[in-house]
>>> print(open('model-v9.cif').read())   # mmCIF, C-alpha atoms
data_upload
loop_
_atom_site.label_atom_id
_atom_site.label_comp_id
_atom_site.auth_asym_id
_atom_site.auth_seq_id
_atom_site.Cartn_x
_atom_site.Cartn_y
_atom_site.Cartn_z
CA MET L 6 0.00 0.00 0.00
CA ALA L 7 0.97 3.62 -0.46
CA ASN L 8 2.29 4.49 3.01
CA GLU L 9 4.40 7.53 2.20
CA VAL L 10 3.47 10.65 4.19
CA THR L 11 1.32 13.00 2.10
CA ALA L 12 -0.19 16.40 2.79
CA LEU L 13 -3.33 16.16 4.90
CA SER L 14 -6.56 17.40 3.31
CA ILE L 15 -9.04 18.80 5.85
CA VAL L 16 -12.66 19.04 4.69
CA HIS L 17 -15.83 20.08 6.48
CA THR L 18 -18.55 19.26 3.96
CA ILE L 19 -19.83 16.00 2.55
CA GLN L 20 -19.56 17.35 -0.98
CA ASP L 21 -15.88 18.23 -0.63
CA LEU L 22 -15.07 14.87 0.95
CA GLN L 23 -16.83 12.89 -1.75
CA GLN L 24 -15.15 14.88 -4.49
CA LEU L 25 -11.72 14.02 -3.08
CA LEU L 26 -12.68 10.36 -2.73
CA THR L 27 -14.05 10.20 -6.27
CA GLU L 28 -10.74 11.47 -7.62
CA ARG L 29 -8.83 8.82 -5.69
CA ARG L 30 -11.14 5.99 -6.64
CA GLN L 31 -10.72 6.94 -10.29
CA GLN L 32 -7.03 6.20 -9.71
CA GLY L 33 -7.96 2.74 -8.42
CA LEU L 34 -7.00 3.50 -4.82
CA SER L 35 -8.51 1.64 -1.84
CA VAL L 36 -10.06 3.55 1.07
CA GLY L 37 -9.75 2.80 4.79
CA PHE L 38 -11.93 4.65 7.30
CA VAL L 39 -11.33 5.54 10.97
CA PRO L 40 -14.39 7.16 12.59
CA THR L 41 -13.68 9.05 15.83
CA MET L 42 -15.08 11.68 18.15
CA GLY L 43 -11.70 13.38 18.34
CA PHE L 44 -9.38 14.22 21.23
CA LEU L 45 -7.07 11.67 19.67
CA HIS L 46 -4.82 9.33 21.61
CA GLU L 47 -2.63 6.32 20.84
CA GLY L 48 -5.68 4.08 20.54
CA HIS L 49 -7.03 6.11 17.63
CA LEU L 50 -3.59 6.29 16.05
CA SER L 51 -3.26 2.49 16.18
CA LEU L 52 -6.41 2.33 14.05
CA VAL L 53 -4.78 4.72 11.57
CA GLU L 54 -1.59 2.65 11.48
CA GLN L 55 -3.48 -0.53 10.58
CA ALA L 56 -5.58 1.36 8.04
CA ARG L 57 -2.41 2.70 6.39
CA GLN L 58 -0.98 -0.82 6.14
CA GLN L 59 -4.07 -2.13 4.35
CA ASN L 60 -5.25 0.82 2.21
CA ASP L 61 -3.96 3.49 -0.14
CA VAL L 62 -6.13 6.28 1.30
CA VAL L 63 -7.03 6.76 4.99
CA VAL L 64 -10.05 8.88 5.89
CA MET L 65 -10.53 9.90 9.52
CA SER L 66 -13.72 11.57 10.70
CA ILE L 67 -13.93 13.70 13.83
CA PHE L 68 -17.48 14.33 14.94
CA VAL L 69 -18.84 14.40 18.48
CA ASN L 70 -22.16 12.79 17.70
CA PRO L 71 -25.01 14.32 19.75
CA ALA L 72 -27.37 11.48 18.81
CA GLN L 73 -25.54 9.01 21.07
CA PHE L 74 -25.54 11.15 24.21
CA GLY L 75 -28.50 10.85 26.55
CA PRO L 76 -29.90 13.43 29.00
CA GLY L 77 -27.34 14.36 31.63
CA GLU L 78 -24.46 12.76 29.75
CA ASP L 79 -21.23 14.54 28.90
CA PHE L 80 -21.84 15.86 25.36
CA GLU L 81 -20.87 19.45 26.23
CA ALA L 82 -18.01 18.32 28.47
CA TYR L 83 -16.62 15.80 25.98
CA PRO L 84 -12.99 16.89 25.42
CA ARG L 85 -12.21 18.67 22.15
CA ASP L 86 -8.92 19.95 20.69
CA ILE L 87 -9.20 20.36 16.93
CA GLU L 88 -5.72 21.83 16.33
CA ARG L 89 -4.02 19.05 18.27
CA ASP L 90 -6.14 16.43 16.50
CA ALA L 91 -5.19 17.80 13.07
CA ARG L 92 -1.51 17.70 14.00
CA LEU L 93 -1.70 14.12 15.29
CA ALA L 94 -3.69 13.01 12.24
CA THR L 95 -1.05 14.53 9.95
CA GLU L 96 1.80 12.86 11.83
CA ALA L 97 -0.03 9.50 11.76
CA GLY L 98 -0.44 9.63 7.98
CA VAL L 99 -4.16 10.32 7.62
CA THR L 100 -4.92 11.30 4.02
CA ILE L 101 -8.25 13.10 4.49
CA LEU L 102 -9.60 14.50 7.76
CA PHE L 103 -13.39 14.98 7.69
CA MET L 104 -14.62 17.37 10.40
CA PRO L 105 -18.29 18.15 9.74
CA THR L 106 -20.49 20.43 11.79
CA ARG L 107 -23.66 19.23 13.47
CA GLU L 108 -25.67 21.07 10.80
CA GLU L 109 -23.74 19.30 8.02
CA MET L 110 -24.41 15.85 9.47
CA TYR L 111 -27.99 16.46 10.60
CA PRO L 112 -29.46 19.21 8.39
CA GLN L 113 -32.99 17.81 8.68
CA GLU L 114 -34.71 15.29 10.92
CA GLY L 115 -37.28 13.07 9.27
CA GLY L 116 -37.99 10.98 12.35
CA ILE L 117 -36.69 7.70 10.89
CA ARG L 118 -34.88 5.63 13.51
CA ILE L 119 -32.53 2.65 13.46
CA LEU L 120 -33.20 0.34 16.38
CA PRO L 121 -30.43 -2.06 17.45
CA GLY L 122 -31.37 -5.58 18.49
CA PRO L 123 -31.02 -7.37 21.83
CA GLN L 124 -27.24 -6.83 21.91
CA ALA L 125 -27.97 -3.20 22.84
CA ALA L 126 -29.86 -4.18 26.01
CA GLU L 127 -26.70 -5.57 27.64
CA LEU L 128 -23.60 -3.95 29.18
CA CYS L 129 -23.53 -0.17 28.50
CA GLY L 130 -26.86 -0.29 26.72
CA ALA L 131 -28.69 -1.34 29.88
CA SER L 132 -28.02 2.03 31.54
CA ARG L 133 -27.88 4.15 28.36
CA PRO L 134 -31.20 3.68 26.55
CA GLY L 135 -31.06 5.06 23.02
CA HIS L 136 -27.25 5.28 22.99
CA PHE L 137 -26.74 2.64 20.31
CA ASP L 138 -29.64 4.03 18.25
CA GLY L 139 -27.49 7.15 17.94
CA VAL L 140 -24.33 5.16 17.24
CA LEU L 141 -25.94 3.26 14.36
CA LYS L 142 -27.47 6.46 13.02
CA VAL L 143 -24.13 8.22 12.66
CA VAL L 144 -22.24 5.09 11.57
CA LEU L 145 -24.69 4.42 8.74
CA LYS L 146 -24.44 8.03 7.60
CA LEU L 147 -20.65 7.92 7.68
CA PHE L 148 -20.49 4.60 5.83
CA ASN L 149 -22.78 6.00 3.13
CA ILE L 150 -20.79 9.24 2.91
CA VAL L 151 -17.31 7.66 2.80
CA ASP L 152 -18.16 4.23 1.27
CA PRO L 153 -14.93 2.73 2.63
CA ASP L 154 -13.45 -0.60 1.62
CA ARG L 155 -12.47 -1.23 5.25
CA SER L 156 -13.45 0.44 8.53
CA TYR L 157 -11.41 0.25 11.73
CA PHE L 158 -12.80 -0.08 15.27
CA GLY L 159 -11.05 -0.74 18.57
CA LEU L 160 -11.93 -3.67 20.79
CA LYS L 161 -12.10 -1.37 23.80
CA ASP L 162 -15.66 -0.49 22.76
CA ALA L 163 -16.45 -4.17 22.29
CA GLN L 164 -20.23 -3.86 22.57
CA GLN L 165 -20.29 -1.11 19.96
CA LEU L 166 -18.08 -3.24 17.71
CA ALA L 167 -20.34 -6.29 18.08
CA ILE L 168 -23.45 -4.27 17.23
CA ILE L 169 -21.82 -2.63 14.21
CA GLU L 170 -20.58 -6.00 12.91
CA THR L 171 -24.10 -7.39 13.25
CA PHE L 172 -25.58 -4.31 11.55
CA ILE L 173 -23.23 -4.66 8.58
CA ARG L 174 -23.95 -8.39 8.26
CA ASP L 175 -27.72 -8.07 8.52
CA PHE L 176 -28.03 -5.10 6.15
CA ASN L 177 -25.38 -6.12 3.60
CA LEU L 178 -23.27 -2.99 3.92
CA ARG L 179 -20.20 -3.05 1.70
CA THR L 180 -17.44 -2.10 4.13
CA LYS L 181 -15.37 -4.74 5.93
CA ILE L 182 -14.89 -4.22 9.68
CA VAL L 183 -11.35 -4.64 11.01
CA ARG L 184 -10.97 -5.24 14.76
CA VAL L 185 -7.98 -3.51 16.38
CA PRO L 186 -6.71 -4.46 19.88
CA THR L 187 -7.10 -2.04 22.79
CA VAL L 188 -4.13 0.27 23.38
CA ARG L 189 -3.16 0.69 27.03
CA GLU L 190 -1.05 2.86 29.28
CA GLN L 191 2.03 1.23 30.80
CA ASP L 192 0.04 0.46 33.96
CA GLY L 193 -2.72 -1.30 32.00
CA LEU L 194 -5.39 1.42 31.90
CA ALA L 195 -7.16 1.46 28.55
CA LYS L 196 -6.51 4.63 26.54
CA SER L 197 -9.61 6.83 26.50
CA SER L 198 -10.42 10.45 25.75
CA ARG L 199 -12.32 10.48 29.06
CA ASN L 200 -9.24 9.65 31.16
CA VAL L 201 -8.46 13.37 31.38
CA HIS L 202 -11.48 13.76 33.69
CA LEU L 203 -9.96 11.49 36.36
CA THR L 204 -8.55 13.14 39.46
CA GLU L 205 -4.93 12.38 40.33
CA ALA L 206 -6.04 9.86 42.96
CA GLU L 207 -8.55 8.21 40.60
CA ARG L 208 -5.92 7.92 37.87
CA LYS L 209 -3.71 5.97 40.29
CA GLU L 210 -6.63 3.67 41.13
CA ALA L 211 -7.95 3.13 37.61
CA PRO L 212 -5.53 0.34 36.56
CA VAL L 213 -7.32 -1.93 39.05
CA ILE L 214 -10.06 -2.28 36.42
CA GLN L 215 -7.84 -4.23 34.04
CA GLN L 216 -6.23 -6.11 36.93
CA ALA L 217 -9.66 -7.25 38.11
CA LEU L 218 -10.62 -8.34 34.60
CA GLN L 219 -7.40 -10.35 34.33
CA LEU L 220 -8.34 -12.01 37.62
CA GLY L 221 -11.74 -12.81 36.15
CA ALA L 222 -10.23 -14.25 32.98
CA GLY L 223 -8.25 -16.67 35.12
CA LEU L 224 -11.45 -17.70 36.90
CA VAL L 225 -13.11 -18.37 33.54
CA VAL L 226 -10.29 -20.76 32.69
CA GLU L 227 -10.70 -22.43 36.07
CA GLY L 228 -14.37 -23.00 35.32
CA LEU L 229 -16.04 -20.96 38.08
CA SER L 230 -19.69 -20.02 37.68
CA VAL L 231 -20.68 -16.82 35.91
CA ASN L 232 -22.08 -15.31 39.12
CA ASP L 233 -18.92 -16.07 41.10
CA ILE L 234 -16.67 -14.59 38.41
CA GLU L 235 -18.71 -11.40 38.12
CA GLN L 236 -18.85 -10.98 41.90
CA GLN L 237 -15.12 -11.48 42.42
CA VAL L 238 -14.28 -8.98 39.68
CA ALA L 239 -16.67 -6.41 41.16
CA ASP L 240 -15.30 -6.96 44.67
CA ALA L 241 -11.72 -6.47 43.45
CA ILE L 242 -12.60 -3.12 41.84
CA VAL L 243 -14.63 -1.78 44.78
CA THR L 244 -12.05 -2.89 47.35
CA ASN L 245 -9.12 -1.28 45.54
CA SER L 246 -10.62 1.93 44.17
CA SER L 247 -13.14 4.68 44.89
CA GLY L 248 -15.09 3.75 41.77
CA SER L 249 -18.62 2.34 41.87
CA ILE L 250 -19.72 -0.54 39.67
CA ASP L 251 -22.13 0.12 36.82
CA TYR L 252 -21.89 -3.47 35.65
CA VAL L 253 -19.62 -6.50 35.47
CA SER L 254 -20.85 -9.05 32.92
CA LEU L 255 -19.64 -12.29 31.37
CA LEU L 256 -21.35 -13.01 28.04
CA ALA L 257 -20.84 -14.88 24.78
CA TYR L 258 -19.13 -12.70 22.17
CA PRO L 259 -20.12 -11.18 19.80
CA GLU L 260 -23.69 -12.33 20.43
CA LEU L 261 -23.79 -10.79 23.94
CA THR L 262 -26.01 -13.61 25.13
CA GLN L 263 -25.58 -16.09 27.97
CA ALA L 264 -22.51 -18.22 27.28
CA ASP L 265 -23.08 -21.94 26.72
CA ALA L 266 -21.27 -24.99 25.39
CA THR L 267 -21.42 -23.67 21.81
CA SER L 268 -19.75 -20.34 22.61
CA LYS L 269 -16.40 -19.93 20.88
CA GLU L 270 -15.39 -16.91 22.93
CA VAL L 271 -16.72 -14.83 25.81
CA ILE L 272 -16.35 -11.23 26.89
CA LEU L 273 -15.78 -10.17 30.47
CA ALA L 274 -16.69 -6.49 30.51
CA CYS L 275 -17.24 -3.78 33.10
CA ALA L 276 -18.09 -0.13 33.52
CA VAL L 277 -16.88 1.81 36.56
CA LYS L 278 -18.06 5.26 37.61
CA PHE L 279 -15.63 7.71 39.16
CA SER L 280 -16.49 11.22 40.32
CA LYS L 281 -16.50 12.90 36.90
CA THR L 282 -16.32 10.09 34.36
CA ARG L 283 -17.27 6.52 33.56
CA LEU L 284 -14.65 4.07 32.32
CA ILE L 285 -15.26 0.85 30.39
CA ASP L 286 -12.92 -2.06 29.72
CA ASN L 287 -13.11 -5.70 28.73
CA ILE L 288 -11.25 -8.92 28.01
CA ILE L 289 -12.29 -11.31 25.25
CA ILE L 290 -11.46 -14.89 26.20
CA PRO L 291 -11.33 -17.76 23.66
CA LEU L 292 -12.93 -21.00 24.85
CA LYS L 293 -11.75 -24.52 24.00
CA GLY L 294 -15.14 -26.16 23.78
#
>>> encode(input="model-v9.cif", output="structure tokens")
Amino acid sequence: MANEVTALSIVHTIQDLQQLLTERRQQGLSVGFVPTMGFLHEGHLSLVEQARQQNDVVVMSIFVNPAQFGPGEDFEAYPRDIERDARLATEAGVTILFMPTREEMYPQEGGIRILPGPQAAELCGASRPGHFDGVLKVVLKLFNIVDPDRSYFGLKDAQQLAIIETFIRDFNLRTKIVRVPTVREQDGLAKSSRNVHLTEAERKEAPVIQQALQLGAGLVVEGLSVNDIEQQVADAIVTNSSGSIDYVSLLAYPELTQADATSKEVILACAVKFSKTRLIDNIIIPLKG
């Protein structure tokens, strides 16, 4: 693939983006797509790196999608730094940076909704009704706008990834989803734009989330019951941090149903609330029958 560093094109309208992509497709170039909400970190840049390895053109979108934020959630507080994001995107080798306004993405509202299936009732969806409606709404729009050959999503947001994979399968969308492993800090905390909202004390405590999940993964291998595994993981987090448990769940992946003898892999996932932010993390564990 064409991995040489090229000048970054920044566009704000759908028309300008599609014009650039038409020109590149006429040259026979493949397109990889990295959708983000900005405030970029190493996790996002790992998506770009894999996209560059597999495609000639890399499109990154930055759009804080209001449709996926519920009442009282952190839409206004969600961190934003456009100049920094543009610099990081350039350094990472993004070809086209698409930064639309809210009015560009949602100029009219016809009332048509996309309703995710039962996967959305588990994990984060249980406490965030309507969240994945908004995710699928913006993802479908972006897939239609960009029409990428491949799209890159991190396994940190494993529920979102599972729902998007199911959506693409069930509705015959053209893009191929590429899963990219979670990028972590040296102490194990998953990279997240929301980590900046942690206090100094909470930041020191936060690695216990991954440590507890690793404990739980070992219990899965040992064959403990689902209830025992979930309880021990929750106890480890509460005992060693000031965070409160939103959920700890062990489910078949990507179905997000109760695991059984036919499950090829399971996900052990959790969400933990600190004073100003909510962190999610997970481990996907392969099963040997």
>>> atom_distance(input="model-v9.cif", atom1="atom CA of Glu88 of chain L", atom2="atom CA of Lys196 of chain L")
20.0 Å
>>> closest_residue(input="model-v9.cif", among="L:Arg29, L:His46, L:Arg57, L:Arg118", to="Glu190 of chain L", atoms="all atoms listed in the file")
L:His46
>>> closest_atom_pairs(input="model-v9.cif", of="segment 190-259 of chain L", to="segment 157-165 of chain L", cutoff="12 Å", atoms="only C-alpha atoms", output="tab-separated table")
residue	atom	partner	partner_atom	distance
L:Leu194	CA	L:Lys161	CA	10.9
L:Ala195	CA	L:Lys161	CA	7.4
L:Lys196	CA	L:Lys161	CA	8.6
L:Ser197	CA	L:Lys161	CA	9.0
L:Gln215	CA	L:Lys161	CA	11.5
L:Ser254	CA	L:Gln164	CA	11.6
L:Leu256	CA	L:Gln164	CA	10.7
L:Ala257	CA	L:Gln164	CA	11.3
L:Tyr258	CA	L:Gln164	CA	8.9
L:Pro259	CA	L:Gln164	CA	7.8
>>> residues_near_point(input="model-v9.cif", point="(-23.8, -8.6, 13.7)", cutoff="12 Å", atoms="only C-alpha atoms", output="ChimeraX atom specification")
/L:121-125,164-178,182,258-261
>>> residues_around(input="model-v9.cif", residues="Pro105 of chain L", least_positions_apart="3", cutoff="6 Å", atoms="all atoms listed in the file", output="list of chain:residue names")
L:His17, L:Thr18, L:Glu109
>>> write_last_selection(input="model-v9.cif", atoms="C-alpha atoms", output="JSON list (two decimals), in the frame of the given file")
[["chain", "number", "residue", "atom", "x", "y", "z"],
["L", 17, "HIS", "CA", -15.83, 20.08, 6.48],
["L", 18, "THR", "CA", -18.55, 19.26, 3.96],
["L", 109, "GLU", "CA", -23.74, 19.30, 8.02]]
>>> decode(input="model-v9.cif", residues="segment 114-224 of chain L", atoms="C-alpha atoms", output="short mmCIF file (atom, residue, chain, number, x, y, z; two decimals), in the first residue's frame")
data_model
loop_
_atom_site.label_atom_id
_atom_site.label_comp_id
_atom_site.auth_asym_id
_atom_site.auth_seq_id
_atom_site.Cartn_x
_atom_site.Cartn_y
_atom_site.Cartn_z
CA GLU L 114 -34.71 15.29 10.92
CA GLY L 115 -37.28 13.07 9.27
CA GLY L 116 -37.99 10.98 12.35
CA ILE L 117 -36.69 7.70 10.89
CA ARG L 118 -34.88 5.63 13.51
CA ILE L 119 -32.53 2.65 13.46
CA LEU L 120 -33.20 0.34 16.38
CA PRO L 121 -30.43 -2.06 17.45
CA GLY L 122 -31.37 -5.58 18.49
CA PRO L 123 -31.02 -7.37 21.83
CA GLN L 124 -27.24 -6.83 21.91
CA ALA L 125 -27.97 -3.20 22.84
CA ALA L 126 -29.86 -4.18 26.01
CA GLU L 127 -26.70 -5.57 27.64
CA LEU L 128 -23.60 -3.95 29.18
CA CYS L 129 -23.53 -0.17 28.50
CA GLY L 130 -26.86 -0.29 26.72
CA ALA L 131 -28.69 -1.34 29.88
CA SER L 132 -28.02 2.03 31.54
CA ARG L 133 -27.88 4.15 28.36
CA PRO L 134 -31.20 3.68 26.55
CA GLY L 135 -31.06 5.06 23.02
CA HIS L 136 -27.25 5.28 22.99
CA PHE L 137 -26.74 2.64 20.31
CA ASP L 138 -29.64 4.03 18.25
CA GLY L 139 -27.49 7.15 17.94
CA VAL L 140 -24.33 5.16 17.24
CA LEU L 141 -25.94 3.26 14.36
CA LYS L 142 -27.47 6.46 13.02
CA VAL L 143 -24.13 8.22 12.66
CA VAL L 144 -22.24 5.09 11.57
CA LEU L 145 -24.69 4.42 8.74
CA LYS L 146 -24.44 8.03 7.60
CA LEU L 147 -20.65 7.92 7.68
CA PHE L 148 -20.49 4.60 5.83
CA ASN L 149 -22.78 6.00 3.13
CA ILE L 150 -20.79 9.24 2.91
CA VAL L 151 -17.31 7.66 2.80
CA ASP L 152 -18.16 4.23 1.27
CA PRO L 153 -14.93 2.73 2.63
CA ASP L 154 -13.45 -0.60 1.62
CA ARG L 155 -12.47 -1.23 5.25
CA SER L 156 -13.45 0.44 8.53
CA TYR L 157 -11.41 0.25 11.73
CA PHE L 158 -12.80 -0.08 15.27
CA GLY L 159 -11.05 -0.74 18.57
CA LEU L 160 -11.93 -3.67 20.79
CA LYS L 161 -12.10 -1.37 23.80
CA ASP L 162 -15.66 -0.49 22.76
CA ALA L 163 -16.45 -4.17 22.29
CA GLN L 164 -20.23 -3.86 22.57
CA GLN L 165 -20.29 -1.11 19.96
CA LEU L 166 -18.08 -3.24 17.71
CA ALA L 167 -20.34 -6.29 18.08
CA ILE L 168 -23.45 -4.27 17.23
CA ILE L 169 -21.82 -2.63 14.21
CA GLU L 170 -20.58 -6.00 12.91
CA THR L 171 -24.10 -7.39 13.25
CA PHE L 172 -25.58 -4.31 11.55
CA ILE L 173 -23.23 -4.66 8.58
CA ARG L 174 -23.95 -8.39 8.26
CA ASP L 175 -27.72 -8.07 8.52
CA PHE L 176 -28.03 -5.10 6.15
CA ASN L 177 -25.38 -6.12 3.60
CA LEU L 178 -23.27 -2.99 3.92
CA ARG L 179 -20.20 -3.05 1.70
CA THR L 180 -17.44 -2.10 4.13
CA LYS L 181 -15.37 -4.74 5.93
CA ILE L 182 -14.89 -4.22 9.68
CA VAL L 183 -11.35 -4.64 11.01
CA ARG L 184 -10.97 -5.24 14.76
CA VAL L 185 -7.98 -3.51 16.38
CA PRO L 186 -6.71 -4.46 19.88
CA THR L 187 -7.10 -2.04 22.79
CA VAL L 188 -4.13 0.27 23.38
CA ARG L 189 -3.16 0.69 27.03
CA GLU L 190 -1.05 2.86 29.28
CA GLN L 191 2.03 1.23 30.80
CA ASP L 192 0.04 0.46 33.96
CA GLY L 193 -2.72 -1.30 32.00
CA LEU L 194 -5.39 1.42 31.90
CA ALA L 195 -7.16 1.46 28.55
CA LYS L 196 -6.51 4.63 26.54
CA SER L 197 -9.61 6.83 26.50
CA SER L 198 -10.42 10.45 25.75
CA ARG L 199 -12.32 10.48 29.06
CA ASN L 200 -9.24 9.65 31.16
CA VAL L 201 -8.46 13.37 31.38
CA HIS L 202 -11.48 13.76 33.69
CA LEU L 203 -9.96 11.49 36.36
CA THR L 204 -8.55 13.14 39.46
CA GLU L 205 -4.93 12.38 40.33
CA ALA L 206 -6.04 9.86 42.96
CA GLU L 207 -8.55 8.21 40.60
CA ARG L 208 -5.92 7.92 37.87
CA LYS L 209 -3.71 5.97 40.29
CA GLU L 210 -6.63 3.67 41.13
CA ALA L 211 -7.95 3.13 37.61
CA PRO L 212 -5.53 0.34 36.56
CA VAL L 213 -7.32 -1.93 39.05
CA ILE L 214 -10.06 -2.28 36.42
CA GLN L 215 -7.84 -4.23 34.04
CA GLN L 216 -6.23 -6.11 36.93
CA ALA L 217 -9.66 -7.25 38.11
CA LEU L 218 -10.62 -8.34 34.60
CA GLN L 219 -7.40 -10.35 34.33
CA LEU L 220 -8.34 -12.01 37.62
CA GLY L 221 -11.74 -12.81 36.15
CA ALA L 222 -10.23 -14.25 32.98
CA GLY L 223 -8.25 -16.67 35.12
CA LEU L 224 -11.45 -17.70 36.90
#
